[in-house]
Amino acid sequence: MKIIVAIKQVPERDAQVRIDAAGKWIDESGLQWALNESDAYALEEALQLKEKNGGEVVVVSAGPERVGTTIREALAKGADRAIHIDCDDLGSRDALGVARLLAAAMKPENPDLVLTGLQSEDLGLGQTGVIVAELLGLPHATLILQVEKTETGLKVKRELEEGWFQSIELPTPAVLTIQSGGNKLRYATLMGIKKAKTKEVRRVTASELGVDGAQVVVLERIALPQKQKSTQMLPGNAKEAAATLVEKLKFEARVL
Amino acid sequence: MSGILVIQEAGRNRISFEALAAGSALVELTGLSLETAAIGDPNSNVFVETSGTPPAVAHAIQHHLLETYTSDGYVHAFEQLIRKLDPSYIVFPHTYQTRDYAPRLATRFGQVLTSDVTAIEAGPAFVRQLFQGKMTGNYRHQGDGPCFISIQAGAFRANPPQEGKTTILPFEPQMTDDVIRTSPGAPFRGAAQTVDLGSAQLIVAVGRGIKDADNLPMVQELATALGAEIAASRPICDNGWLPMERQVGSSGQTVAPKLYLAVGISGAIQHLVGMKGSQCIVAINKDPEAPIFEVADYGIAGDLFEVVPALTEAIKAAGQ
Ligand SMILES: Cc1cc2nc3c(=O)[nH]c(=O)nc-3n(C[C@H](O)[C@H](O)[C@H](O)COP(=O)(O)OP(=O)(O)OC[C@H]3O[C@@H](n4cnc5c(N)ncnc54)[C@H](O)[C@@H]3O)c2cc1C
């Protein structure tokens, strides 16, 4: 089974993000970057499927030079090779624009399965995998926790709301978006990190892929959320704040 | 029609009506007319309960291949209705189902779904969260072609229907069974529930700020001192540190205790929907800008490794 995993590099979770001078995006200088969480689960699922059924795992990522470190991390965990779609203008592409880049890079590979995370931690659009499926003309399923190969294709476990699930059967090739928590994530081994250095990372540009920068939806500005609720922030050191809180809960909110 | 088409989801009335309210907000901004559409029987309650104006017209899409939800079936059916009606805006409730098919439907029109919208401003500009609620972004649709948006749960207040009558128009899409490539099974519940967080009066919920499973006893001690149940955000359960039945949020339990004490939880929307109905919310987080403070009554901006033990002590002392 040939599996392609689309991965995205996003600002590290606890990073203090600040708005840039133009107010259109965050100030990226000095930020730490990481692999998007649900993409890490997508990669894990791909590696486990390969271990069970054989085949190849190829990661694809779009972004500037810095994305290279996240690609190496995926290779160190066990992906066989990578395609880096080299572009500095991700921010001015909408979800369709990015999906067109990914689909164009994937198509000539003729994958049996395409996996993506279900949503990115920065933009949170939760659409890339689904759009890629439409562009490639493949069936898809979203919010997937488990994937099993069957005689005719795949059987997957899909998460529904409020603790419900469902299984879905679908033929391959197919696209799945992976929800977090289905597997335990692996760490890269020292051996893996060493090996990753020799694995193939092919770089392509948007123009080589024949994808323009057309945009249907434009992110015009970003802002800090407007505060609506007046939260009482309790001052002092830990001990003082804790004592005040107990007082408030007892005598003001009366919940203790 | 060149108006606003609001999609309703059968069985998900509340968020469907919130999407209808968002559609009405668009009516105010654009002066366009509004109609609704849903898949299902014209007698189903998603139509019956919105009866009245708006909408004056509702489209009931019916086909035996649509009795069970599939993304292929829904994309195919809605594509035909949208081509027929030619609306300028299509508004969805942001449910798991919408997430599953609406991006694909939009792609069919060369469009992009602006998902999880929380407000609509003049322009129209569509506001949505970025960075898991740490920022917001204003999006604008450009060019010809329909504009697709989906509305976040709880962002708009559902309007009670007004006097009047809705005309329900049946619509039968052309489709054959080869359109549908997936075979979905019936929904099932996860493992048997042994704790009922829904009826708990006091809850201490722990998030990724706890860093390691080894640190959980510290939070457990706080819960014990309070006589509270322990709950968690998703990553804690994903890691297997606490069982999934203790997860609060859109894919876990919905709770409404007297006191919800969130420790090291950032406040992503999928967590908030499961607990924001709590009577009193307390948040402990080292990041004073964390979105959890937006729903909290009391906040302590500080290191949980200092605050939690201090709070356990203070509660024990007060109890004596
Ligand atoms: C379809 C879908 C369904 C989902 N369902 C759910 C769900 O049901 N429930 C749910 O919870 N999530 C759900 N999520 C995930 C959700 O989007 C968030 O990723 C998750 O809630 C984040 O959990 P967290 O707040 O514990 O972690 P983070 O977002 O990583 O937050 C950790 C917080 O801890 C703080 N912190 C760190 N160290 C300290 C310290 N020493 N002292 C004090 N504070 C500290 C940080 O400032 C940060 O705010 C879902 C996501 C999707 C896409």
# chains A, B, ... in the order shown; residues from 1 in each chain; ligands from 1
$ residues_near_ligand --ligand "ligand 1" --cutoff "8 Å" --atoms "only C-alpha atoms and all ligand atoms" --output "PDB file with C-alpha atoms, in the first residue's frame"
ATOM      1  CA  ARG A  13       1.450  25.068  20.955  1.00  0.00           C
ATOM      2  CA  ASP A  14       2.509  27.218  23.880  1.00  0.00           C
ATOM      3  CA  LEU A 118      -8.385  16.587  10.590  1.00  0.00           C
ATOM      4  CA  GLN A 119      -7.534  20.226  11.212  1.00  0.00           C
ATOM      5  CA  GLU A 121      -3.879  24.234  15.000  1.00  0.00           C
ATOM      6  CA  GLY A 124      -8.318  25.442  12.077  1.00  0.00           C
ATOM      7  CA  GLY A 126     -10.469  21.441   8.928  1.00  0.00           C
ATOM      8  CA  LEU A 143     -12.561  12.221  11.857  1.00  0.00           C
ATOM      9  CA  GLU A 161     -20.344  13.807  18.405  1.00  0.00           C
ATOM     10  CA  GLU A 162     -20.751  13.168  22.154  1.00  0.00           C
ATOM     11  CA  GLN A 179      -8.543  12.531  14.513  1.00  0.00           C
ATOM     12  CA  SER A 180      -6.130  12.563  17.458  1.00  0.00           C
TER      13      SER A 180
ATOM     14  CA  TYR B  96     -19.500  17.048  12.160  1.00  0.00           C
ATOM     15  CA  GLN B 132      -7.533  27.686  18.826  1.00  0.00           C
ATOM     16  CA  VAL B 206      -7.230  18.831  33.965  1.00  0.00           C
ATOM     17  CA  GLY B 207      -5.570  19.716  30.653  1.00  0.00           C
ATOM     18  CA  ARG B 208      -2.265  19.413  28.901  1.00  0.00           C
ATOM     19  CA  GLY B 209      -0.716  21.981  31.222  1.00  0.00           C
ATOM     20  CA  ILE B 210      -0.198  19.064  33.620  1.00  0.00           C
ATOM     21  CA  LYS B 211       2.583  17.922  31.261  1.00  0.00           C
ATOM     22  CA  ALA B 232     -10.087  16.124  31.454  1.00  0.00           C
ATOM     23  CA  SER B 233      -9.555  17.779  28.102  1.00  0.00           C
ATOM     24  CA  ARG B 234      -9.061  15.603  25.065  1.00  0.00           C
ATOM     25  CA  PRO B 235      -5.249  15.370  24.931  1.00  0.00           C
ATOM     26  CA  ILE B 236      -5.194  13.839  28.434  1.00  0.00           C
ATOM     27  CA  GLN B 247     -13.356  13.701  28.573  1.00  0.00           C
ATOM     28  CA  VAL B 248     -15.412  16.885  28.487  1.00  0.00           C
ATOM     29  CA  GLY B 249     -16.261  18.540  25.166  1.00  0.00           C
ATOM     30  CA  SER B 250     -17.861  18.103  21.779  1.00  0.00           C
ATOM     31  CA  SER B 251     -16.602  14.562  21.386  1.00  0.00           C
ATOM     32  CA  GLY B 252     -16.945  13.711  25.072  1.00  0.00           C
ATOM     33  CA  GLN B 253     -19.392  14.572  27.839  1.00  0.00           C
ATOM     34  CA  VAL B 263      -6.543  23.377  35.474  1.00  0.00           C
ATOM     35  CA  GLY B 264      -4.086  23.900  32.588  1.00  0.00           C
ATOM     36  CA  ILE B 265      -6.788  23.896  29.933  1.00  0.00           C
ATOM     37  CA  SER B 266      -6.504  26.473  27.135  1.00  0.00           C
ATOM     38  CA  GLY B 267     -10.206  26.752  26.289  1.00  0.00           C
ATOM     39  CA  ALA B 268     -10.555  25.509  22.710  1.00  0.00           C
ATOM     40  CA  ILE B 269     -14.127  25.740  21.420  1.00  0.00           C
ATOM     41  CA  GLN B 270     -14.485  21.937  21.356  1.00  0.00           C
ATOM     42  CA  HIS B 271     -13.800  21.906  25.082  1.00  0.00           C
ATOM     43  CA  LEU B 272     -15.921  24.959  25.902  1.00  0.00           C
ATOM     44  CA  GLY B 274     -18.993  20.760  26.852  1.00  0.00           C
ATOM     45  CA  ILE B 284      -5.988  28.232  36.506  1.00  0.00           C
ATOM     46  CA  ASN B 285      -3.611  28.887  33.626  1.00  0.00           C
ATOM     47  CA  LYS B 286      -0.144  30.380  33.351  1.00  0.00           C
ATOM     48  CA  ASP B 287      -1.116  32.273  30.188  1.00  0.00           C
ATOM     49  CA  PRO B 288      -3.215  35.328  31.158  1.00  0.00           C
ATOM     50  CA  ALA B 290      -5.690  31.886  27.444  1.00  0.00           C
ATOM     51  CA  PRO B 291      -9.203  31.741  25.936  1.00  0.00           C
ATOM     52  CA  ILE B 292     -10.480  29.767  28.946  1.00  0.00           C
ATOM     53  CA  ALA B 301      -3.022  33.449  36.126  1.00  0.00           C
ATOM     54  CA  GLY B 302      -0.203  31.364  37.476  1.00  0.00           C
ATOM     55  CA  ASP B 303       1.763  28.151  37.482  1.00  0.00           C
ATOM     56  CA  LEU B 304      -0.576  25.274  38.275  1.00  0.00           C
ATOM     57  CA  PHE B 305       2.263  23.440  40.020  1.00  0.00           C
TER      58      PHE B 305
END
$ interface_residues --of "chain B" --to "chain A" --cutoff "7 Å" --atoms "only C-alpha atoms" --output "ChimeraX atom specification"
/B:96,100,103-104,107,111-112,115,130-132,134-143,181-190,238-239,250-253,258-259,293-300,306-307,310-311,314-315
$ atom_distance --atom1 "CA of Arg100 (chain A)" --atom2 "CA of Glu44 (chain A)"
24.3 Å
$ select_by_dssp --residues "region 27-126 of chain A" --states "strand (DSSP E or B)" --output "PDB file with all heavy atoms, in the first residue's frame"
ATOM      1  N   TRP A  33       8.522  26.111  15.887  1.00  0.00           N
ATOM      2  CA  TRP A  33       7.548  25.435  15.032  1.00  0.00           C
ATOM      3  C   TRP A  33       7.464  23.957  15.372  1.00  0.00           C
ATOM      4  O   TRP A  33       8.412  23.372  15.873  1.00  0.00           O
ATOM      5  CB  TRP A  33       7.931  25.618  13.560  1.00  0.00           C
ATOM      6  CG  TRP A  33       7.979  27.055  13.175  1.00  0.00           C
ATOM      7  CD1 TRP A  33       9.037  27.916  13.325  1.00  0.00           C
ATOM      8  CD2 TRP A  33       6.914  27.845  12.635  1.00  0.00           C
ATOM      9  NE1 TRP A  33       8.696  29.176  12.896  1.00  0.00           N
ATOM     10  CE2 TRP A  33       7.407  29.161  12.466  1.00  0.00           C
ATOM     11  CE3 TRP A  33       5.597  27.572  12.272  1.00  0.00           C
ATOM     12  CZ2 TRP A  33       6.620  30.189  11.945  1.00  0.00           C
ATOM     13  CZ3 TRP A  33       4.826  28.600  11.742  1.00  0.00           C
ATOM     14  CH2 TRP A  33       5.326  29.893  11.591  1.00  0.00           C
ATOM     15  N   ALA A  34       6.340  23.367  15.066  1.00  0.00           N
ATOM     16  CA  ALA A  34       6.145  21.948  15.375  1.00  0.00           C
ATOM     17  C   ALA A  34       5.226  21.309  14.336  1.00  0.00           C
ATOM     18  O   ALA A  34       4.576  22.003  13.553  1.00  0.00           O
ATOM     19  CB  ALA A  34       5.535  21.806  16.766  1.00  0.00           C
ATOM     20  N   LEU A  35       5.172  20.001  14.367  1.00  0.00           N
ATOM     21  CA  LEU A  35       4.260  19.254  13.509  1.00  0.00           C
ATOM     22  C   LEU A  35       2.850  19.371  14.085  1.00  0.00           C
ATOM     23  O   LEU A  35       2.642  19.156  15.285  1.00  0.00           O
ATOM     24  CB  LEU A  35       4.703  17.778  13.465  1.00  0.00           C
ATOM     25  CG  LEU A  35       3.789  16.767  12.762  1.00  0.00           C
ATOM     26  CD1 LEU A  35       3.566  17.145  11.299  1.00  0.00           C
ATOM     27  CD2 LEU A  35       4.397  15.362  12.846  1.00  0.00           C
ATOM     28  N   GLU A  56       4.737   1.775   1.217  1.00  0.00           N
ATOM     29  CA  GLU A  56       5.614   2.942   1.308  1.00  0.00           C
ATOM     30  C   GLU A  56       4.841   4.114   1.917  1.00  0.00           C
ATOM     31  O   GLU A  56       3.647   4.274   1.654  1.00  0.00           O
ATOM     32  CB  GLU A  56       6.067   3.306  -0.113  1.00  0.00           C
ATOM     33  CG  GLU A  56       7.117   4.385  -0.156  1.00  0.00           C
ATOM     34  CD  GLU A  56       7.463   4.831  -1.580  1.00  0.00           C
ATOM     35  OE1 GLU A  56       6.662   4.581  -2.507  1.00  0.00           O
ATOM     36  OE2 GLU A  56       8.525   5.461  -1.735  1.00  0.00           O
ATOM     37  N   VAL A  57       5.522   4.913   2.733  1.00  0.00           N
ATOM     38  CA  VAL A  57       4.902   6.116   3.288  1.00  0.00           C
ATOM     39  C   VAL A  57       5.655   7.344   2.782  1.00  0.00           C
ATOM     40  O   VAL A  57       6.866   7.481   2.995  1.00  0.00           O
ATOM     41  CB  VAL A  57       4.912   6.094   4.834  1.00  0.00           C
ATOM     42  CG1 VAL A  57       4.398   7.416   5.395  1.00  0.00           C
ATOM     43  CG2 VAL A  57       4.084   4.924   5.363  1.00  0.00           C
ATOM     44  N   VAL A  58       4.924   8.213   2.090  1.00  0.00           N
ATOM     45  CA  VAL A  58       5.523   9.433   1.541  1.00  0.00           C
ATOM     46  C   VAL A  58       4.875  10.627   2.239  1.00  0.00           C
ATOM     47  O   VAL A  58       3.642  10.700   2.310  1.00  0.00           O
ATOM     48  CB  VAL A  58       5.244   9.544   0.021  1.00  0.00           C
ATOM     49  CG1 VAL A  58       5.929  10.774  -0.569  1.00  0.00           C
ATOM     50  CG2 VAL A  58       5.675   8.277  -0.702  1.00  0.00           C
ATOM     51  N   VAL A  59       5.666  11.551   2.772  1.00  0.00           N
ATOM     52  CA  VAL A  59       5.046  12.746   3.361  1.00  0.00           C
ATOM     53  C   VAL A  59       5.154  13.915   2.388  1.00  0.00           C
ATOM     54  O   VAL A  59       6.131  14.039   1.641  1.00  0.00           O
ATOM     55  CB  VAL A  59       5.653  13.151   4.737  1.00  0.00           C
ATOM     56  CG1 VAL A  59       5.337  12.118   5.793  1.00  0.00           C
ATOM     57  CG2 VAL A  59       7.139  13.399   4.642  1.00  0.00           C
ATOM     58  N   VAL A  60       4.112  14.738   2.398  1.00  0.00           N
ATOM     59  CA  VAL A  60       4.082  15.931   1.556  1.00  0.00           C
ATOM     60  C   VAL A  60       3.809  17.121   2.462  1.00  0.00           C
ATOM     61  O   VAL A  60       2.917  17.064   3.308  1.00  0.00           O
ATOM     62  CB  VAL A  60       2.954  15.848   0.495  1.00  0.00           C
ATOM     63  CG1 VAL A  60       2.892  17.131  -0.324  1.00  0.00           C
ATOM     64  CG2 VAL A  60       3.154  14.655  -0.405  1.00  0.00           C
ATOM     65  N   SER A  61       4.603  18.180   2.293  1.00  0.00           N
ATOM     66  CA  SER A  61       4.338  19.380   3.083  1.00  0.00           C
ATOM     67  C   SER A  61       4.582  20.608   2.232  1.00  0.00           C
ATOM     68  O   SER A  61       5.535  20.644   1.444  1.00  0.00           O
ATOM     69  CB  SER A  61       5.236  19.407   4.324  1.00  0.00           C
ATOM     70  OG  SER A  61       4.811  20.431   5.193  1.00  0.00           O
ATOM     71  N   ALA A  62       3.730  21.611   2.375  1.00  0.00           N
ATOM     72  CA  ALA A  62       3.902  22.866   1.656  1.00  0.00           C
ATOM     73  C   ALA A  62       4.331  23.935   2.635  1.00  0.00           C
ATOM     74  O   ALA A  62       3.810  24.004   3.751  1.00  0.00           O
ATOM     75  CB  ALA A  62       2.603  23.269   0.973  1.00  0.00           C
ATOM     76  N   GLY A  63       5.262  24.768   2.216  1.00  0.00           N
ATOM     77  CA  GLY A  63       5.713  25.855   3.083  1.00  0.00           C
ATOM     78  C   GLY A  63       7.121  26.275   2.742  1.00  0.00           C
ATOM     79  O   GLY A  63       7.762  25.686   1.870  1.00  0.00           O
ATOM     80  N   ARG A  81      10.101   8.696   2.216  1.00  0.00           N
ATOM     81  CA  ARG A  81      10.623   9.850   1.497  1.00  0.00           C
ATOM     82  C   ARG A  81       9.629  10.988   1.581  1.00  0.00           C
ATOM     83  O   ARG A  81       8.549  10.810   2.157  1.00  0.00           O
ATOM     84  CB  ARG A  81      10.940   9.501   0.035  1.00  0.00           C
ATOM     85  CG  ARG A  81       9.767   9.021  -0.767  1.00  0.00           C
ATOM     86  CD  ARG A  81      10.216   8.509  -2.150  1.00  0.00           C
ATOM     87  NE  ARG A  81       9.106   7.832  -2.799  1.00  0.00           N
ATOM     88  CZ  ARG A  81       8.194   8.448  -3.553  1.00  0.00           C
ATOM     89  NH1 ARG A  81       8.275   9.751  -3.769  1.00  0.00           N
ATOM     90  NH2 ARG A  81       7.203   7.777  -4.088  1.00  0.00           N
ATOM     91  N   ALA A  82      10.017  12.146   1.023  1.00  0.00           N
ATOM     92  CA  ALA A  82       9.177  13.325   1.198  1.00  0.00           C
ATOM     93  C   ALA A  82       9.145  14.183  -0.051  1.00  0.00           C
ATOM     94  O   ALA A  82      10.067  14.151  -0.864  1.00  0.00           O
ATOM     95  CB  ALA A  82       9.685  14.149   2.373  1.00  0.00           C
ATOM     96  N   ILE A  83       8.061  14.935  -0.170  1.00  0.00           N
ATOM     97  CA  ILE A  83       7.962  15.975  -1.197  1.00  0.00           C
ATOM     98  C   ILE A  83       7.749  17.290  -0.464  1.00  0.00           C
ATOM     99  O   ILE A  83       6.812  17.418   0.326  1.00  0.00           O
ATOM    100  CB  ILE A  83       6.783  15.706  -2.160  1.00  0.00           C
ATOM    101  CG1 ILE A  83       6.932  14.322  -2.805  1.00  0.00           C
ATOM    102  CG2 ILE A  83       6.703  16.800  -3.216  1.00  0.00           C
ATOM    103  CD1 ILE A  83       5.704  13.874  -3.596  1.00  0.00           C
ATOM    104  N   HIS A  84       8.620  18.232  -0.698  1.00  0.00           N
ATOM    105  CA  HIS A  84       8.498  19.563  -0.086  1.00  0.00           C
ATOM    106  C   HIS A  84       8.045  20.545  -1.168  1.00  0.00           C
ATOM    107  O   HIS A  84       8.783  20.818  -2.110  1.00  0.00           O
ATOM    108  CB  HIS A  84       9.857  19.972   0.501  1.00  0.00           C
ATOM    109  CG  HIS A  84       9.842  21.332   1.147  1.00  0.00           C
ATOM    110  ND1 HIS A  84      10.897  21.815   1.863  1.00  0.00           N
ATOM    111  CD2 HIS A  84       8.895  22.313   1.188  1.00  0.00           C
ATOM    112  CE1 HIS A  84      10.611  23.037   2.317  1.00  0.00           C
ATOM    113  NE2 HIS A  84       9.398  23.355   1.897  1.00  0.00           N
ATOM    114  N   ILE A  85       6.814  21.028  -1.024  1.00  0.00           N
ATOM    115  CA  ILE A  85       6.314  22.042  -1.947  1.00  0.00           C
ATOM    116  C   ILE A  85       6.790  23.386  -1.426  1.00  0.00           C
ATOM    117  O   ILE A  85       6.316  23.877  -0.405  1.00  0.00           O
ATOM    118  CB  ILE A  85       4.776  22.004  -2.060  1.00  0.00           C
ATOM    119  CG1 ILE A  85       4.328  20.589  -2.473  1.00  0.00           C
ATOM    120  CG2 ILE A  85       4.286  23.048  -3.043  1.00  0.00           C
ATOM    121  CD1 ILE A  85       2.844  20.343  -2.262  1.00  0.00           C
ATOM    122  N   ASP A  86       7.768  23.924  -2.136  1.00  0.00           N
ATOM    123  CA  ASP A  86       8.496  25.072  -1.661  1.00  0.00           C
ATOM    124  C   ASP A  86       7.721  26.346  -1.981  1.00  0.00           C
ATOM    125  O   ASP A  86       7.619  26.722  -3.144  1.00  0.00           O
ATOM    126  CB  ASP A  86       9.825  25.079  -2.437  1.00  0.00           C
ATOM    127  CG  ASP A  86      10.919  25.691  -1.641  1.00  0.00           C
ATOM    128  OD1 ASP A  86      10.607  26.382  -0.664  1.00  0.00           O
ATOM    129  OD2 ASP A  86      12.090  25.474  -2.012  1.00  0.00           O
ATOM    130  N   LEU A 113      -3.727   5.410  -0.677  1.00  0.00           N
ATOM    131  CA  LEU A 113      -4.375   6.052   0.463  1.00  0.00           C
ATOM    132  C   LEU A 113      -3.700   7.396   0.724  1.00  0.00           C
ATOM    133  O   LEU A 113      -2.471   7.496   0.685  1.00  0.00           O
ATOM    134  CB  LEU A 113      -4.234   5.142   1.695  1.00  0.00           C
ATOM    135  CG  LEU A 113      -4.855   5.600   3.005  1.00  0.00           C
ATOM    136  CD1 LEU A 113      -6.357   5.807   2.864  1.00  0.00           C
ATOM    137  CD2 LEU A 113      -4.574   4.581   4.112  1.00  0.00           C
ATOM    138  N   VAL A 114      -4.520   8.411   0.976  1.00  0.00           N
ATOM    139  CA  VAL A 114      -3.997   9.718   1.375  1.00  0.00           C
ATOM    140  C   VAL A 114      -4.533  10.019   2.773  1.00  0.00           C
ATOM    141  O   VAL A 114      -5.733   9.906   3.013  1.00  0.00           O
ATOM    142  CB  VAL A 114      -4.450  10.838   0.404  1.00  0.00           C
ATOM    143  CG1 VAL A 114      -4.012  12.207   0.920  1.00  0.00           C
ATOM    144  CG2 VAL A 114      -3.906  10.587  -0.998  1.00  0.00           C
ATOM    145  N   LEU A 115      -3.635  10.361   3.685  1.00  0.00           N
ATOM    146  CA  LEU A 115      -4.054  10.726   5.035  1.00  0.00           C
ATOM    147  C   LEU A 115      -3.665  12.174   5.311  1.00  0.00           C
ATOM    148  O   LEU A 115      -2.598  12.626   4.887  1.00  0.00           O
ATOM    149  CB  LEU A 115      -3.374   9.829   6.084  1.00  0.00           C
ATOM    150  CG  LEU A 115      -3.586   8.321   5.996  1.00  0.00           C
ATOM    151  CD1 LEU A 115      -2.877   7.628   7.168  1.00  0.00           C
ATOM    152  CD2 LEU A 115      -5.062   7.968   6.008  1.00  0.00           C
ATOM    153  N   THR A 116      -4.537  12.886   6.034  1.00  0.00           N
ATOM    154  CA  THR A 116      -4.182  14.209   6.553  1.00  0.00           C
ATOM    155  C   THR A 116      -4.685  14.269   7.983  1.00  0.00           C
ATOM    156  O   THR A 116      -5.531  13.472   8.376  1.00  0.00           O
ATOM    157  CB  THR A 116      -4.869  15.349   5.763  1.00  0.00           C
ATOM    158  OG1 THR A 116      -6.282  15.336   6.054  1.00  0.00           O
ATOM    159  CG2 THR A 116      -4.686  15.211   4.260  1.00  0.00           C
ATOM    160  N   GLY A 117      -4.196  15.231   8.755  1.00  0.00           N
ATOM    161  CA  GLY A 117      -4.804  15.499  10.047  1.00  0.00           C
ATOM    162  C   GLY A 117      -6.171  16.109   9.807  1.00  0.00           C
ATOM    163  O   GLY A 117      -6.464  16.569   8.710  1.00  0.00           O
TER     164      GLY A 117
END
$ residues_around --residues "Pro170 (chain B)" --least-positions-apart "3" --cutoff "12 Å" --atoms "only C-alpha atoms" --output "list in words"
Thr36, Ala37, Ala38, Ile39, Gly40, Asp41, Pro42, Asn43, Phe47, Val57, Ala58, His59, Ala60, Ile61, Gln62, His63, Leu81, Thr167 and Pro173 of chain B
$ select_by_dssp --residues "region 43-227 of chain A" --states "alpha helix (DSSP H)" --output "MDAnalysis selection string"
chainID A and resid 43:53 67:77 95:106 128:136 190:196 206:209
$ decode --residues "region 173-214 of chain B" --atoms "C-alpha atoms" --output "PDB file, in the first residue's frame"
ATOM      1  CA  PRO B 173     -32.375  15.137  -7.085  1.00  0.00           C
ATOM      2  CA  GLN B 174     -31.378  12.902  -9.980  1.00  0.00           C
ATOM      3  CA  MET B 175     -29.115  10.215  -8.615  1.00  0.00           C
ATOM      4  CA  THR B 176     -28.181   6.574  -8.993  1.00  0.00           C
ATOM      5  CA  ASP B 177     -26.523   4.349  -6.425  1.00  0.00           C
ATOM      6  CA  ASP B 178     -23.106   4.420  -8.120  1.00  0.00           C
ATOM      7  CA  VAL B 179     -22.734   8.017  -6.881  1.00  0.00           C
ATOM      8  CA  ILE B 180     -22.224   6.713  -3.349  1.00  0.00           C
ATOM      9  CA  ARG B 181     -18.864   5.052  -2.815  1.00  0.00           C
ATOM     10  CA  THR B 182     -18.844   4.581   0.962  1.00  0.00           C
ATOM     11  CA  SER B 183     -20.973   2.265   3.108  1.00  0.00           C
ATOM     12  CA  PRO B 184     -21.531   3.677   6.574  1.00  0.00           C
ATOM     13  CA  GLY B 185     -22.536   1.532   9.546  1.00  0.00           C
ATOM     14  CA  ALA B 186     -25.006   2.483  12.261  1.00  0.00           C
ATOM     15  CA  PRO B 187     -23.708   4.756  15.039  1.00  0.00           C
ATOM     16  CA  PHE B 188     -22.584   3.001  18.220  1.00  0.00           C
ATOM     17  CA  ARG B 189     -21.462   4.134  21.668  1.00  0.00           C
ATOM     18  CA  GLY B 190     -17.959   3.698  23.011  1.00  0.00           C
ATOM     19  CA  ALA B 191     -17.173   1.550  26.031  1.00  0.00           C
ATOM     20  CA  ALA B 192     -19.773   1.391  28.804  1.00  0.00           C
ATOM     21  CA  GLN B 193     -19.908   4.506  30.964  1.00  0.00           C
ATOM     22  CA  THR B 194     -19.024   3.971  34.588  1.00  0.00           C
ATOM     23  CA  VAL B 195     -18.963   7.616  35.671  1.00  0.00           C
ATOM     24  CA  ASP B 196     -21.770  10.049  35.113  1.00  0.00           C
ATOM     25  CA  LEU B 197     -20.088  13.429  34.942  1.00  0.00           C
ATOM     26  CA  GLY B 198     -23.372  14.916  33.783  1.00  0.00           C
ATOM     27  CA  SER B 199     -24.803  14.738  37.289  1.00  0.00           C
ATOM     28  CA  ALA B 200     -21.625  15.754  39.159  1.00  0.00           C
ATOM     29  CA  GLN B 201     -21.958  18.909  41.278  1.00  0.00           C
ATOM     30  CA  LEU B 202     -18.254  19.684  41.457  1.00  0.00           C
ATOM     31  CA  ILE B 203     -15.710  18.940  38.735  1.00  0.00           C
ATOM     32  CA  VAL B 204     -11.968  19.462  38.598  1.00  0.00           C
ATOM     33  CA  ALA B 205     -10.837  19.200  34.980  1.00  0.00           C
ATOM     34  CA  VAL B 206      -7.230  18.831  33.965  1.00  0.00           C
ATOM     35  CA  GLY B 207      -5.570  19.716  30.653  1.00  0.00           C
ATOM     36  CA  ARG B 208      -2.265  19.413  28.901  1.00  0.00           C
ATOM     37  CA  GLY B 209      -0.716  21.981  31.222  1.00  0.00           C
ATOM     38  CA  ILE B 210      -0.198  19.064  33.620  1.00  0.00           C
ATOM     39  CA  LYS B 211       2.583  17.922  31.261  1.00  0.00           C
ATOM     40  CA  ASP B 212       2.904  14.332  32.456  1.00  0.00           C
ATOM     41  CA  ALA B 213       0.745  11.515  33.810  1.00  0.00           C
ATOM     42  CA  ASP B 214       2.998  11.427  36.884  1.00  0.00           C
TER      43      ASP B 214
END
